[in-house]
Structure formats: C-alpha cells, structure tokens
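Okay, start.txt is below, compact mmCIF, C-alpha atoms and all ligand atoms:
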```txt
# COMPACT_ATOMS: atom_id res chain seq x y z
CA MET A 1 -56.44 36.53 -115.15
CA VAL A 2 -54.78 35.23 -118.29
CA PRO A 3 -57.32 33.26 -120.36
CA PRO A 4 -56.45 29.59 -120.97
CA ASN A 5 -56.23 30.12 -124.73
CA ALA A 6 -53.69 32.91 -124.42
CA ASP A 7 -50.64 31.89 -126.41
CA TRP A 8 -48.60 35.01 -125.88
CA PRO A 9 -45.74 35.46 -126.49
CA VAL A 10 -44.98 32.81 -129.09
CA ARG A 11 -47.59 33.07 -131.81
CA LEU A 12 -48.54 36.74 -131.57
CA SER A 13 -45.21 38.22 -130.57
CA PRO A 14 -43.58 40.98 -132.62
CA ARG A 15 -40.72 38.57 -133.36
CA ALA A 16 -43.12 35.95 -134.78
CA ALA A 17 -44.72 38.63 -136.94
CA ALA A 18 -41.28 39.76 -138.12
CA ARG A 19 -40.34 36.18 -139.02
CA ARG A 20 -43.61 35.84 -140.90
CA THR A 21 -42.84 39.09 -142.73
CA ALA A 22 -39.48 37.80 -144.03
CA ALA A 23 -40.99 34.44 -145.07
CA MET A 24 -43.85 36.20 -146.87
CA ILE A 25 -41.51 38.58 -148.73
CA ASN A 26 -39.59 35.50 -149.92
CA VAL A 27 -42.57 33.46 -151.07
CA LEU A 28 -44.19 36.49 -152.71
CA ALA A 29 -41.01 37.30 -154.67
CA GLY A 30 -41.95 34.44 -157.00
CA GLU A 31 -45.32 33.67 -158.53
CA PRO A 32 -46.86 31.73 -155.65
CA THR A 33 -50.19 29.95 -155.69
CA PRO A 34 -52.73 30.98 -153.03
CA ALA A 35 -52.06 27.59 -151.40
CA ALA A 36 -48.32 28.32 -151.14
CA VAL A 37 -49.00 31.69 -149.52
CA ARG A 38 -51.50 30.13 -147.11
CA GLU A 39 -48.93 27.51 -146.17
CA VAL A 40 -46.42 30.19 -145.16
CA LEU A 41 -49.02 32.02 -143.08
CA LEU A 42 -50.07 28.80 -141.34
CA ALA A 43 -46.43 27.90 -140.69
CA HIS A 44 -46.14 31.26 -138.92
CA GLY A 45 -49.09 30.89 -136.62
CA GLU A 46 -52.19 31.86 -138.60
CA ASP A 47 -55.32 29.84 -137.95
CA GLU A 48 -56.34 26.78 -140.03
CA SER A 49 -59.58 28.58 -140.92
CA LEU A 50 -57.63 31.11 -143.00
CA THR A 51 -58.53 31.16 -146.70
CA ILE A 52 -56.34 32.74 -149.38
CA THR A 53 -57.81 33.27 -152.83
CA ASP A 54 -56.28 34.29 -156.16
CA ASP A 55 -57.47 37.83 -155.47
CA ASP A 56 -55.50 37.97 -152.22
CA VAL A 57 -52.13 37.20 -153.78
CA GLU A 58 -51.67 40.44 -155.75
CA PRO A 59 -52.28 42.86 -152.82
CA LEU A 60 -49.97 40.72 -150.69
CA ARG A 61 -47.28 40.89 -153.38
CA ARG A 62 -47.65 44.67 -153.55
CA ALA A 63 -47.22 44.84 -149.76
CA ALA A 64 -44.14 42.59 -149.90
CA HIS A 65 -42.71 44.82 -152.63
CA GLU A 66 -43.09 47.87 -150.34
CA LEU A 67 -41.39 46.08 -147.45
CA ARG A 68 -38.41 44.58 -149.24
CA PRO A 69 -36.31 47.80 -149.42
CA ILE A 70 -36.19 47.85 -145.60
CA PHE A 71 -34.23 44.58 -145.77
CA ASP A 72 -32.06 46.03 -148.54
CA ALA A 73 -31.06 49.01 -146.39
CA ASP A 74 -27.41 49.19 -145.31
CA ASP A 75 -27.91 51.34 -142.24
CA LEU A 76 -30.53 52.08 -139.59
CA GLU A 77 -31.12 55.61 -140.82
CA THR A 78 -32.21 54.36 -144.23
CA ALA A 79 -34.26 51.48 -142.81
CA THR A 80 -36.12 53.66 -140.32
CA GLY A 81 -36.72 56.33 -142.97
CA LEU A 82 -38.33 53.76 -145.26
CA LEU A 83 -40.34 52.31 -142.41
CA ASN A 84 -41.59 55.71 -141.24
CA HIS A 85 -42.75 56.40 -144.77
CA LEU A 86 -44.77 53.14 -144.83
CA LEU A 87 -46.16 53.77 -141.33
CA ALA A 88 -47.38 57.20 -142.43
CA ARG A 89 -49.05 55.88 -145.56
CA HIS A 90 -50.34 52.43 -144.68
CA THR A 91 -51.25 52.17 -141.02
CA GLN A 92 -54.21 53.28 -138.92
CA ARG A 93 -54.54 54.09 -135.22
CA LEU A 94 -52.97 51.74 -132.74
CA ARG A 95 -55.59 49.40 -131.26
CA LEU A 96 -55.77 46.26 -129.16
CA THR A 97 -57.73 43.26 -130.38
CA ALA A 98 -58.47 39.71 -129.28
CA HIS A 99 -60.12 38.57 -132.54
CA GLY A 100 -61.16 34.94 -132.71
CA GLY A 101 -60.41 34.34 -129.03
CA THR A 102 -56.68 35.05 -129.25
CA ALA A 103 -54.68 36.77 -126.53
CA TRP A 104 -54.83 40.57 -126.63
CA HIS A 105 -52.38 41.99 -129.09
CA VAL A 106 -51.75 45.17 -131.03
CA HIS A 107 -52.91 45.90 -134.59
CA LEU A 108 -52.34 48.89 -136.85
CA ASP A 109 -54.80 47.98 -139.60
CA ARG A 110 -58.31 49.44 -139.85
CA ASP A 111 -60.29 46.53 -138.44
CA ASP A 112 -60.22 42.78 -137.96
CA ASP A 113 -62.12 42.12 -141.20
CA GLY A 114 -60.08 44.51 -143.35
CA PRO A 115 -58.34 43.58 -146.63
CA ILE A 116 -55.51 41.08 -146.23
CA GLY A 117 -52.89 43.19 -148.03
CA GLU A 118 -53.58 46.04 -145.60
CA TRP A 119 -53.31 43.67 -142.63
CA PHE A 120 -50.03 42.19 -143.82
CA LEU A 121 -48.37 45.53 -144.53
CA ALA A 122 -49.56 47.14 -141.28
CA SER A 123 -48.60 44.18 -139.10
CA ALA A 124 -45.21 43.91 -140.82
CA CYS A 125 -44.50 47.62 -140.21
CA LEU A 126 -45.48 47.26 -136.57
CA ALA A 127 -43.32 44.16 -136.05
CA ILE A 128 -40.24 45.66 -137.70
CA ALA A 129 -40.69 48.93 -135.81
CA VAL A 130 -40.79 47.08 -132.47
CA LEU A 131 -37.77 45.00 -133.46
CA ILE A 132 -35.71 48.11 -134.28
CA TRP A 133 -36.90 49.76 -131.09
CA ASP A 134 -35.86 46.72 -129.07
CA ARG A 135 -32.52 45.93 -130.73
CA GLN A 136 -31.32 49.23 -132.21
CA GLU A 137 -30.04 47.25 -135.18
CA LEU A 138 -31.10 46.53 -138.74
CA PRO A 139 -34.03 44.07 -138.67
CA GLY A 140 -32.35 41.80 -141.22
CA GLY A 141 -30.89 41.78 -144.67
CA VAL A 142 -30.71 40.17 -148.10
CA CYS A 143 -28.73 36.93 -148.49
CA ALA A 144 -25.16 37.50 -149.71
CA ALA A 145 -24.92 34.11 -151.47
CA THR A 146 -24.55 34.17 -155.26
CA GLY A 147 -27.90 33.59 -156.94
CA CYS A 148 -29.95 33.92 -153.74
CA ASP A 149 -32.09 36.97 -153.06
CA GLN A 150 -33.99 35.75 -150.02
CA VAL A 151 -34.40 38.21 -147.17
CA PHE A 152 -33.64 37.09 -143.65
CA LEU A 153 -34.41 38.30 -140.17
CA ALA A 154 -31.39 39.11 -138.01
CA VAL A 155 -31.23 36.78 -135.04
CA GLY A 156 -29.27 36.96 -131.82
CA SER A 157 -26.33 39.25 -131.22
CA GLY A 158 -23.54 37.23 -132.88
CA PRO A 159 -21.37 38.41 -135.76
CA ASP A 160 -23.18 40.09 -138.62
CA GLN A 161 -25.45 37.62 -140.34
CA ARG A 162 -24.95 37.55 -144.11
CA TYR A 163 -26.88 34.52 -145.36
CA CYS A 164 -30.52 33.51 -145.32
CA SER A 165 -29.78 29.96 -144.25
CA ARG A 166 -27.09 27.51 -143.20
CA ARG A 167 -27.43 26.02 -146.69
CA CYS A 168 -26.46 29.27 -148.43
CA ALA A 169 -23.59 29.89 -146.00
CA THR A 170 -22.17 26.40 -146.63
CA ARG A 171 -22.56 26.71 -150.40
CA GLU A 172 -20.65 30.00 -150.42
CA ARG A 173 -17.89 28.60 -148.22
CA VAL A 174 -17.45 25.58 -150.51
CA ALA A 175 -17.43 27.81 -153.62
CA ALA A 176 -14.82 30.14 -152.07
CA HIS A 177 -12.66 27.14 -151.15
CA ARG A 178 -12.90 25.67 -154.69
CA ALA A 179 -11.97 29.04 -156.18
CA ARG A 180 -8.90 29.18 -153.95
CA VAL A 181 -7.60 25.67 -154.73
CA SER A 182 -8.17 25.97 -158.48
CA ALA A 183 -6.53 29.40 -158.78
CA PRO A 184 -3.28 29.22 -160.82
CA ARG A 185 -0.21 29.17 -158.57
CA PRO A 186 2.55 31.68 -159.30
CA LEU A 187 5.46 30.00 -161.12
CA SER A 188 8.50 29.31 -159.00
CA ARG A 189 12.01 28.98 -160.43
ZN ZN B 1 -29.59 32.46 -149.35
```
Would you mind giving the structure from this file in structure tokens?
Amino acid sequence: MVPPNADWPVRLSPRAAARRTAAMINVLAGEPTPAAVREVLLAHGEDESLTITDDDVEPLRRAAHELRPIFDADDLETATGLLNHLLARHTQRLRLTAHGGTAWHVHLDRDDDGPIGEWFLASACLAIAVLIWDRQELPGGVCAATGCDQVFLAVGSGPDQRYCSRRCATRERVAAHRARVSAPRPLSR
C-alpha cells in the first residue's frame, strides 16, 4: 500500500531534482548567503527543518561548478561524456531510501547523513542522467540573452529553448526590434 505521506511523483521526482539543480547552479553562481541557498532548496521541495550554514555554501558551490559545463554542452555526446565523468568520480552505489518518512526514492550519495555537497552533486547527476535517458535530448542550456548567464532546464518538446525565462526572451526581442528600427536606411535617389 502507498503510505499516506507519499508525495511521489511531484516532490521527489527526477524532474523536480533536475529543476532544483538548475536553480541551485544559478544561485550558487553568485555569492549567496546560506539563507538564499536554503530558500532555493525549500522552494524545490526540501523540508523546513533543513539548515544551511556558512560551511555548506562552499562545497555546494564547488558541486555547482562541476555541473555547469553539462548545461554549456552543445550536443548530447559532450553532455553525457561530462556526466559520466562526474558519475564515476562523485557517486556511490544506487540505493533506495525513505529518509524522514518520505516516499521511497533513489539516492546515489553515501548515506542519508552525508555531506551536503556530496548529496547535491550525486542527486543532480542522477536527475540529469534520468532526464537524458527519458528524453534523449540535452537536459537544458545557458540563456542566450545578452548579459544573462543563467542555466535553464529544457521543458516540453517545443522549438529549441534559448532563454532562461520569459523575461529574458522578451528583453532580447525588444532589443532586436530597436536595433532594426534604428539601423541607418540605405539612401535612395
Ligand atoms: Zn536569461
């Protein structure tokens, strides 16, 4: 029987973990406070009891730094090569866990009380691997808007996504339009 607290598939799904991965890479690209990092994790389904200290931020940043090139990759071959390298170096044996009364789900880190950087990197690798397996496409990319270097997770099966947000897409469209109307017209006789 499925326990009443089981919240599969929303909170513990590979897609939720992949979304969390992209959001964490973005927040950790700056110099975030522990509170800012905690906020992102809570927004992506982690429990209120989670604490993030100053000492947690650096290992998380290192993990984000390792993951970012996967989003930079232009083709699946490169992305999977990078991911396989991380899986070989940073993950443990596949195991099922129901820590803290959650639904059963898969982990690739050493144990439920392991270091947070290890957990983040291992769970990110697992989520991206499942996503590639499922979609046979790049898991996401880096925003093409000028001055934005946020990574995004590819969603749906529409035309190739190029921007991290509607905001960036609109800004680029407006800038391209302005550039067109202000371009000098060829002289006519
Ligand atoms: Zn953007």
### Task
For CA of Arg38 (chain A) and CA of Thr53 (chain A), quote the distance in Å rounded to one decimal.
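Separating CA of Arg38 (chain A) from CA of Thr53 (chain A) is a distance of 9.1 Å.
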| Counting all atoms listed in the file, what residues are within 6 Å of ligand ZN 1 (chain B), given as a PyMOL selection string? | chain A and resi 143+145+148+150+163-165+168
Show me, as CSV, the residues of region 20-110 of chain A having an atom within 10 Å of region 125-134 of chain A, each with the closest atom pair and its distance in Å, using only C-alpha atoms.
```
residue,atom,partner,partner_atom,distance
A:Arg20,CA,A:Ala127,CA,9.6
A:Thr21,CA,A:Ala127,CA,8.4
A:Leu67,CA,A:Cys125,CA,8.0
A:Ile70,CA,A:Ile128,CA,9.1
A:Leu76,CA,A:Ile132,CA,8.4
A:Ala79,CA,A:Ile132,CA,9.3
A:Thr80,CA,A:Ala129,CA,8.0
A:Leu83,CA,A:Cys125,CA,6.6
A:Asn84,CA,A:Cys125,CA,8.7
A:Leu86,CA,A:Cys125,CA,7.2
A:Leu87,CA,A:Cys125,CA,6.5
A:His90,CA,A:Cys125,CA,8.8
A:Thr91,CA,A:Cys125,CA,8.2
A:Leu94,CA,A:Leu126,CA,9.5
A:Val106,CA,A:Leu126,CA,8.6
A:His107,CA,A:Leu126,CA,7.8
A:Leu108,CA,A:Leu126,CA,7.1
A:Asp109,CA,A:Leu126,CA,9.8
```
| message | Using only C-alpha atoms, which protein or nucleic acid residues come within 12 Å of Glu39 (chain A)? Drop anything in the same chain fewer than 3 positions from it, and give the result as an MDAnalysis selection string. | response | chainID A and resid 20 23:24 27 32:36 42:52
Deliver the residues from the most recent selection as a file, using C-alpha atoms, as an mmCIF file, in the coordinates of the input.
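After the write, again-v8.cif holds the following:
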```
data_model
loop_
_atom_site.group_PDB
_atom_site.id
_atom_site.type_symbol
_atom_site.label_atom_id
_atom_site.label_comp_id
_atom_site.auth_asym_id
_atom_site.auth_seq_id
_atom_site.Cartn_x
_atom_site.Cartn_y
_atom_site.Cartn_z
ATOM 1 C CA ARG A 20 -43.610 35.840 -140.900
ATOM 2 C CA ALA A 23 -40.990 34.440 -145.070
ATOM 3 C CA MET A 24 -43.850 36.200 -146.870
ATOM 4 C CA VAL A 27 -42.570 33.460 -151.070
ATOM 5 C CA PRO A 32 -46.860 31.730 -155.650
ATOM 6 C CA THR A 33 -50.190 29.950 -155.690
ATOM 7 C CA PRO A 34 -52.730 30.980 -153.030
ATOM 8 C CA ALA A 35 -52.060 27.590 -151.400
ATOM 9 C CA ALA A 36 -48.320 28.320 -151.140
ATOM 10 C CA LEU A 42 -50.070 28.800 -141.340
ATOM 11 C CA ALA A 43 -46.430 27.900 -140.690
ATOM 12 C CA HIS A 44 -46.140 31.260 -138.920
ATOM 13 C CA GLY A 45 -49.090 30.890 -136.620
ATOM 14 C CA GLU A 46 -52.190 31.860 -138.600
ATOM 15 C CA ASP A 47 -55.320 29.840 -137.950
ATOM 16 C CA GLU A 48 -56.340 26.780 -140.030
ATOM 17 C CA SER A 49 -59.580 28.580 -140.920
ATOM 18 C CA LEU A 50 -57.630 31.110 -143.000
ATOM 19 C CA THR A 51 -58.530 31.160 -146.700
ATOM 20 C CA ILE A 52 -56.340 32.740 -149.380
#
```
A straight line from CA of Leu28 (chain A) to CA of Gln161 (chain A) spans 22.5 Å
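The two atoms in question, CA of Arg19 (chain A) and CA of Arg61 (chain A), are spaced 16.6 Å apart.
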Q. So, counting all atoms listed in the file, which residue among A:Ala183, A:Ala73, A:Val151, A:Ile25 is closest to Val57 (chain A)?
A.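 Among the listed residues, A:Ile25 lies closest to Val57 (chain A).
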The residue from A:Asp111, A:Ala169, A:Asp72, A:Pro139 with the smallest atom-to-atom distance to Ala124 (chain A), counting only C-alpha atoms, is A:Pro139
Closest of A:Ala122, A:Ala103, A:Ala176, A:Ala17 to Ala88 (chain A), counting all atoms listed in the file, is A:Ala122
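Proximity of A:His105, A:Arg178, A:Arg89, A:Arg162 to Asp149 (chain A), computed with all atoms listed in the file, is greatest for A:Arg162.
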request  = Kindly indicate which residue among A:Leu12, A:Ala18, A:Glu137, A:Ala175 lies nearest to Thr97 (chain A), using only C-alpha atoms for the distances.
outcome  =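 Ranked by minimum distance to Thr97 (chain A), first place goes to A:Leu12.
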Residues within 10 Å of (-57.0, 40.9, -148.2), counting all atoms listed in the file, listed as a short mmCIF file (atom, residue, chain, number, x, y, z; two decimals) with C-alpha atoms, in the frame of the given file:
```
data_model
loop_
_atom_site.label_atom_id
_atom_site.label_comp_id
_atom_site.auth_asym_id
_atom_site.auth_seq_id
_atom_site.Cartn_x
_atom_site.Cartn_y
_atom_site.Cartn_z
CA THR A 51 -58.53 31.16 -146.70
CA ILE A 52 -56.34 32.74 -149.38
CA THR A 53 -57.81 33.27 -152.83
CA ASP A 55 -57.47 37.83 -155.47
CA ASP A 56 -55.50 37.97 -152.22
CA VAL A 57 -52.13 37.20 -153.78
CA GLU A 58 -51.67 40.44 -155.75
CA PRO A 59 -52.28 42.86 -152.82
CA LEU A 60 -49.97 40.72 -150.69
CA ASP A 113 -62.12 42.12 -141.20
CA GLY A 114 -60.08 44.51 -143.35
CA PRO A 115 -58.34 43.58 -146.63
CA ILE A 116 -55.51 41.08 -146.23
CA GLY A 117 -52.89 43.19 -148.03
CA GLU A 118 -53.58 46.04 -145.60
CA TRP A 119 -53.31 43.67 -142.63
CA PHE A 120 -50.03 42.19 -143.82
#
```
